[in-house]
Amino acid sequence: IAMTFRPLALGMAAGVISSASVLLATVRAAQVDGGQTLLLLRKFFPGYSISPSGCAVGMVWGFVYAFVAAGSFALLYNAFCRMLEPRDK
């Protein structure tokens, strides 16, 4: 019996972790160098900036990207496990 993932649960967990990571990285970068290194996130997160509203936008984008990636991974993993599972004769 192969292990399976729950796509919604895995997506939510990854989304929350990613969102918190964007928040912490933004706060830390703003303290250290004014956030110049994180401004590259604008290419991936439209609307992101080193400000409270921009950070909220980045957190939403981070959640969405991680949710979709982890949920897709779980769905594919479960599908491959079902395909490769030995069948009874």
# chains A, B, ... in the order shown; residues from 1 in each chain; ligands from 1
>>> residues_around(residues="stretch 63-74 of chain A", least_positions_apart="3", cutoff="6 Å", atoms="only C-alpha atoms", output="number ranges by chain")
A: 5, 7, 11-12, 14-15, 18-19, 60, 77
>>> write_last_selection(atoms="N, CA, C and O atoms", output="PDB file, in the first residue's frame")
ATOM      1  N   PHE A   5      -1.105  11.539  -0.636  1.00  0.00           N
ATOM      2  CA  PHE A   5      -1.171  12.896  -0.105  1.00  0.00           C
ATOM      3  C   PHE A   5      -2.575  13.443  -0.266  1.00  0.00           C
ATOM      4  O   PHE A   5      -3.279  13.099  -1.218  1.00  0.00           O
ATOM      5  N   PRO A   7      -4.251  16.558  -1.427  1.00  0.00           N
ATOM      6  CA  PRO A   7      -3.822  17.757  -2.165  1.00  0.00           C
ATOM      7  C   PRO A   7      -4.226  19.072  -1.500  1.00  0.00           C
ATOM      8  O   PRO A   7      -3.425  20.005  -1.450  1.00  0.00           O
ATOM      9  N   GLY A  11      -1.475  21.626  -0.116  1.00  0.00           N
ATOM     10  CA  GLY A  11      -1.480  22.956  -0.726  1.00  0.00           C
ATOM     11  C   GLY A  11      -1.636  24.061   0.304  1.00  0.00           C
ATOM     12  O   GLY A  11      -0.948  25.083   0.248  1.00  0.00           O
ATOM     13  N   MET A  12      -2.536  23.860   1.244  1.00  0.00           N
ATOM     14  CA  MET A  12      -2.745  24.871   2.289  1.00  0.00           C
ATOM     15  C   MET A  12      -1.500  25.029   3.151  1.00  0.00           C
ATOM     16  O   MET A  12      -1.090  26.152   3.462  1.00  0.00           O
ATOM     17  N   ALA A  14       1.664  24.340   2.396  1.00  0.00           N
ATOM     18  CA  ALA A  14       2.729  24.984   1.618  1.00  0.00           C
ATOM     19  C   ALA A  14       2.425  26.465   1.414  1.00  0.00           C
ATOM     20  O   ALA A  14       3.317  27.311   1.483  1.00  0.00           O
ATOM     21  N   GLY A  15       1.164  26.798   1.171  1.00  0.00           N
ATOM     22  CA  GLY A  15       0.773  28.193   0.977  1.00  0.00           C
ATOM     23  C   GLY A  15       1.010  29.044   2.206  1.00  0.00           C
ATOM     24  O   GLY A  15       1.516  30.167   2.121  1.00  0.00           O
ATOM     25  N   SER A  18       4.803  29.493   2.673  1.00  0.00           N
ATOM     26  CA  SER A  18       5.332  30.426   1.673  1.00  0.00           C
ATOM     27  C   SER A  18       4.923  31.863   1.992  1.00  0.00           C
ATOM     28  O   SER A  18       5.728  32.787   1.892  1.00  0.00           O
ATOM     29  N   SER A  19       3.678  32.045   2.372  1.00  0.00           N
ATOM     30  CA  SER A  19       3.178  33.373   2.702  1.00  0.00           C
ATOM     31  C   SER A  19       3.927  33.960   3.905  1.00  0.00           C
ATOM     32  O   SER A  19       4.343  35.125   3.887  1.00  0.00           O
ATOM     33  N   VAL A  60      -0.040  37.040  -0.736  1.00  0.00           N
ATOM     34  CA  VAL A  60      -1.112  36.381  -1.496  1.00  0.00           C
ATOM     35  C   VAL A  60      -0.521  35.604  -2.673  1.00  0.00           C
ATOM     36  O   VAL A  60      -0.858  34.439  -2.899  1.00  0.00           O
ATOM     37  N   TYR A  77       1.438  12.767  -7.765  1.00  0.00           N
ATOM     38  CA  TYR A  77       2.000  11.677  -6.972  1.00  0.00           C
ATOM     39  C   TYR A  77       0.953  10.589  -6.743  1.00  0.00           C
ATOM     40  O   TYR A  77       1.224   9.400  -6.926  1.00  0.00           O
TER      41      TYR A  77
END
>>> residues_around(residues="A:Glu85", least_positions_apart="2", cutoff="8 Å", atoms="only C-alpha atoms", output="list of chain:residue names")
A:Ile1, A:Ala2, A:Cys81, A:Arg82, A:Met83, A:Arg87
>>> residues_around(residues="A:Leu24", least_positions_apart="6", cutoff="12 Å", atoms="only C-alpha atoms", output="ChimeraX atom specification")
/A:17-18,30-31,35,38,50,52,55-56,58-59
>>> write_last_selection(atoms="N, CA and C atoms", output="compact mmCIF listing (two decimals), in the first residue's frame")
# COMPACT_ATOMS: atom_id res chain seq x y z
N ILE A 17 3.14 28.43 4.67
CA ILE A 17 4.58 28.55 4.90
C ILE A 17 5.20 29.55 3.93
N SER A 18 4.80 29.49 2.67
CA SER A 18 5.33 30.43 1.67
C SER A 18 4.92 31.86 1.99
N ALA A 30 13.83 44.86 4.61
CA ALA A 30 13.59 46.29 4.81
C ALA A 30 14.49 46.84 5.92
N GLN A 31 14.78 46.02 6.91
CA GLN A 31 15.64 46.44 8.01
C GLN A 31 17.10 46.49 7.59
N GLY A 35 15.49 46.66 1.33
CA GLY A 35 14.71 45.76 0.49
C GLY A 35 15.12 45.68 -0.95
N LEU A 38 15.03 42.14 -2.50
CA LEU A 38 13.71 41.53 -2.69
C LEU A 38 12.89 42.18 -3.79
N ILE A 50 8.21 46.84 -1.13
CA ILE A 50 8.63 46.85 0.27
C ILE A 50 7.78 47.88 1.00
N PRO A 52 3.76 47.84 3.52
CA PRO A 52 2.74 46.94 4.08
C PRO A 52 1.77 46.40 3.03
N CYS A 55 3.65 44.05 0.68
CA CYS A 55 3.94 42.80 1.37
C CYS A 55 2.71 41.90 1.38
N ALA A 56 1.54 42.48 1.60
CA ALA A 56 0.30 41.70 1.58
C ALA A 56 0.07 41.10 0.20
N GLY A 58 2.41 40.36 -1.97
CA GLY A 58 3.41 39.30 -2.10
C GLY A 58 3.02 38.05 -1.33
N MET A 59 2.42 38.23 -0.17
CA MET A 59 1.97 37.08 0.61
C MET A 59 0.87 36.32 -0.11
>>> residues_around(residues="A:Phe45", least_positions_apart="6", cutoff="8 Å", atoms="only C-alpha atoms", output="number ranges by chain")
A: 57-58, 61-62
>>> write_last_selection(atoms="N, CA, C and O atoms", output="PDB file, in the first residue's frame")
ATOM      1  N   VAL A  57       0.333  41.874  -0.848  1.00  0.00           N
ATOM      2  CA  VAL A  57       0.200  41.359  -2.208  1.00  0.00           C
ATOM      3  C   VAL A  57       1.180  40.202  -2.423  1.00  0.00           C
ATOM      4  O   VAL A  57       0.814  39.158  -2.981  1.00  0.00           O
ATOM      5  N   GLY A  58       2.412  40.362  -1.972  1.00  0.00           N
ATOM      6  CA  GLY A  58       3.409  39.301  -2.098  1.00  0.00           C
ATOM      7  C   GLY A  58       3.019  38.048  -1.334  1.00  0.00           C
ATOM      8  O   GLY A  58       3.247  36.933  -1.800  1.00  0.00           O
ATOM      9  N   TRP A  61       0.373  36.250  -3.431  1.00  0.00           N
ATOM     10  CA  TRP A  61       1.013  35.569  -4.565  1.00  0.00           C
ATOM     11  C   TRP A  61       1.810  34.361  -4.095  1.00  0.00           C
ATOM     12  O   TRP A  61       1.770  33.291  -4.729  1.00  0.00           O
ATOM     13  N   GLY A  62       2.548  34.501  -3.015  1.00  0.00           N
ATOM     14  CA  GLY A  62       3.319  33.381  -2.474  1.00  0.00           C
ATOM     15  C   GLY A  62       2.415  32.220  -2.096  1.00  0.00           C
ATOM     16  O   GLY A  62       2.727  31.060  -2.366  1.00  0.00           O
TER      17      GLY A  62
END
>>> atom_distance(atom1="atom CA of A:Ser51", atom2="atom CA of A:Thr26")
8.4 Å
>>> atom_distance(atom1="atom CA of A:Leu10", atom2="atom CA of A:Leu41")
23.8 Å
>>> decode(residues="stretch 13-42 of chain A", atoms="N, CA and C atoms", output="PDB file, in the first residue's frame")
ATOM      1  N   ALA A  13      -0.890  23.921   3.542  1.00  0.00           N
ATOM      2  CA  ALA A  13       0.313  23.985   4.376  1.00  0.00           C
ATOM      3  C   ALA A  13       1.442  24.702   3.640  1.00  0.00           C
ATOM      4  N   ALA A  14       1.664  24.340   2.396  1.00  0.00           N
ATOM      5  CA  ALA A  14       2.729  24.984   1.618  1.00  0.00           C
ATOM      6  C   ALA A  14       2.425  26.465   1.414  1.00  0.00           C
ATOM      7  N   GLY A  15       1.164  26.798   1.171  1.00  0.00           N
ATOM      8  CA  GLY A  15       0.773  28.193   0.977  1.00  0.00           C
ATOM      9  C   GLY A  15       1.010  29.044   2.206  1.00  0.00           C
ATOM     10  N   VAL A  16       0.661  28.514   3.363  1.00  0.00           N
ATOM     11  CA  VAL A  16       0.856  29.261   4.612  1.00  0.00           C
ATOM     12  C   VAL A  16       2.346  29.465   4.889  1.00  0.00           C
ATOM     13  N   ILE A  17       3.140  28.427   4.673  1.00  0.00           N
ATOM     14  CA  ILE A  17       4.584  28.547   4.899  1.00  0.00           C
ATOM     15  C   ILE A  17       5.198  29.554   3.929  1.00  0.00           C
ATOM     16  N   SER A  18       4.803  29.493   2.673  1.00  0.00           N
ATOM     17  CA  SER A  18       5.332  30.426   1.673  1.00  0.00           C
ATOM     18  C   SER A  18       4.923  31.863   1.992  1.00  0.00           C
ATOM     19  N   SER A  19       3.678  32.045   2.372  1.00  0.00           N
ATOM     20  CA  SER A  19       3.178  33.373   2.702  1.00  0.00           C
ATOM     21  C   SER A  19       3.927  33.960   3.905  1.00  0.00           C
ATOM     22  N   ALA A  20       4.135  33.150   4.921  1.00  0.00           N
ATOM     23  CA  ALA A  20       4.887  33.606   6.097  1.00  0.00           C
ATOM     24  C   ALA A  20       6.340  33.908   5.729  1.00  0.00           C
ATOM     25  N   SER A  21       6.895  33.133   4.825  1.00  0.00           N
ATOM     26  CA  SER A  21       8.284  33.368   4.393  1.00  0.00           C
ATOM     27  C   SER A  21       8.422  34.702   3.674  1.00  0.00           C
ATOM     28  N   VAL A  22       7.458  35.032   2.823  1.00  0.00           N
ATOM     29  CA  VAL A  22       7.493  36.322   2.128  1.00  0.00           C
ATOM     30  C   VAL A  22       7.393  37.458   3.146  1.00  0.00           C
ATOM     31  N   LEU A  23       6.521  37.317   4.121  1.00  0.00           N
ATOM     32  CA  LEU A  23       6.374  38.348   5.158  1.00  0.00           C
ATOM     33  C   LEU A  23       7.687  38.544   5.923  1.00  0.00           C
ATOM     34  N   LEU A  24       8.253  37.450   6.407  1.00  0.00           N
ATOM     35  CA  LEU A  24       9.485  37.555   7.187  1.00  0.00           C
ATOM     36  C   LEU A  24      10.650  38.084   6.354  1.00  0.00           C
ATOM     37  N   ALA A  25      10.753  37.629   5.112  1.00  0.00           N
ATOM     38  CA  ALA A  25      11.842  38.101   4.245  1.00  0.00           C
ATOM     39  C   ALA A  25      11.695  39.589   3.948  1.00  0.00           C
ATOM     40  N   THR A  26      10.472  40.047   3.744  1.00  0.00           N
ATOM     41  CA  THR A  26      10.246  41.465   3.458  1.00  0.00           C
ATOM     42  C   THR A  26      10.608  42.327   4.660  1.00  0.00           C
ATOM     43  N   VAL A  27      10.168  41.920   5.833  1.00  0.00           N
ATOM     44  CA  VAL A  27      10.467  42.685   7.044  1.00  0.00           C
ATOM     45  C   VAL A  27      11.969  42.721   7.281  1.00  0.00           C
ATOM     46  N   ARG A  28      12.622  41.579   7.137  1.00  0.00           N
ATOM     47  CA  ARG A  28      14.076  41.509   7.372  1.00  0.00           C
ATOM     48  C   ARG A  28      14.846  42.320   6.335  1.00  0.00           C
ATOM     49  N   ALA A  29      14.467  42.201   5.079  1.00  0.00           N
ATOM     50  CA  ALA A  29      15.173  42.934   4.024  1.00  0.00           C
ATOM     51  C   ALA A  29      14.996  44.437   4.185  1.00  0.00           C
ATOM     52  N   ALA A  30      13.831  44.861   4.609  1.00  0.00           N
ATOM     53  CA  ALA A  30      13.594  46.291   4.812  1.00  0.00           C
ATOM     54  C   ALA A  30      14.490  46.837   5.921  1.00  0.00           C
ATOM     55  N   GLN A  31      14.776  46.015   6.912  1.00  0.00           N
ATOM     56  CA  GLN A  31      15.638  46.440   8.009  1.00  0.00           C
ATOM     57  C   GLN A  31      17.104  46.489   7.593  1.00  0.00           C
ATOM     58  N   VAL A  32      17.527  45.553   6.755  1.00  0.00           N
ATOM     59  CA  VAL A  32      18.947  45.406   6.436  1.00  0.00           C
ATOM     60  C   VAL A  32      19.397  46.339   5.322  1.00  0.00           C
ATOM     61  N   ASP A  33      18.795  46.219   4.150  1.00  0.00           N
ATOM     62  CA  ASP A  33      19.294  46.995   3.001  1.00  0.00           C
ATOM     63  C   ASP A  33      18.200  47.783   2.283  1.00  0.00           C
ATOM     64  N   GLY A  34      17.145  48.049   2.960  1.00  0.00           N
ATOM     65  CA  GLY A  34      16.062  48.794   2.328  1.00  0.00           C
ATOM     66  C   GLY A  34      15.241  47.952   1.361  1.00  0.00           C
ATOM     67  N   GLY A  35      15.490  46.657   1.328  1.00  0.00           N
ATOM     68  CA  GLY A  35      14.708  45.759   0.495  1.00  0.00           C
ATOM     69  C   GLY A  35      15.123  45.676  -0.954  1.00  0.00           C
ATOM     70  N   GLN A  36      16.287  46.182  -1.290  1.00  0.00           N
ATOM     71  CA  GLN A  36      16.709  46.193  -2.700  1.00  0.00           C
ATOM     72  C   GLN A  36      16.806  44.786  -3.288  1.00  0.00           C
ATOM     73  N   THR A  37      17.236  43.818  -2.488  1.00  0.00           N
ATOM     74  CA  THR A  37      17.375  42.456  -3.012  1.00  0.00           C
ATOM     75  C   THR A  37      16.023  41.815  -3.297  1.00  0.00           C
ATOM     76  N   LEU A  38      15.026  42.145  -2.500  1.00  0.00           N
ATOM     77  CA  LEU A  38      13.715  41.526  -2.694  1.00  0.00           C
ATOM     78  C   LEU A  38      12.886  42.184  -3.793  1.00  0.00           C
ATOM     79  N   LEU A  39      13.334  43.314  -4.288  1.00  0.00           N
ATOM     80  CA  LEU A  39      12.568  43.963  -5.353  1.00  0.00           C
ATOM     81  C   LEU A  39      12.518  43.117  -6.617  1.00  0.00           C
ATOM     82  N   LEU A  40      13.390  42.125  -6.713  1.00  0.00           N
ATOM     83  CA  LEU A  40      13.332  41.197  -7.847  1.00  0.00           C
ATOM     84  C   LEU A  40      12.047  40.369  -7.832  1.00  0.00           C
ATOM     85  N   LEU A  41      11.417  40.264  -6.681  1.00  0.00           N
ATOM     86  CA  LEU A  41      10.157  39.519  -6.596  1.00  0.00           C
ATOM     87  C   LEU A  41       9.045  40.159  -7.417  1.00  0.00           C
ATOM     88  N   ARG A  42       9.211  41.427  -7.763  1.00  0.00           N
ATOM     89  CA  ARG A  42       8.199  42.098  -8.594  1.00  0.00           C
ATOM     90  C   ARG A  42       7.975  41.378  -9.915  1.00  0.00           C
TER      91      ARG A  42
END
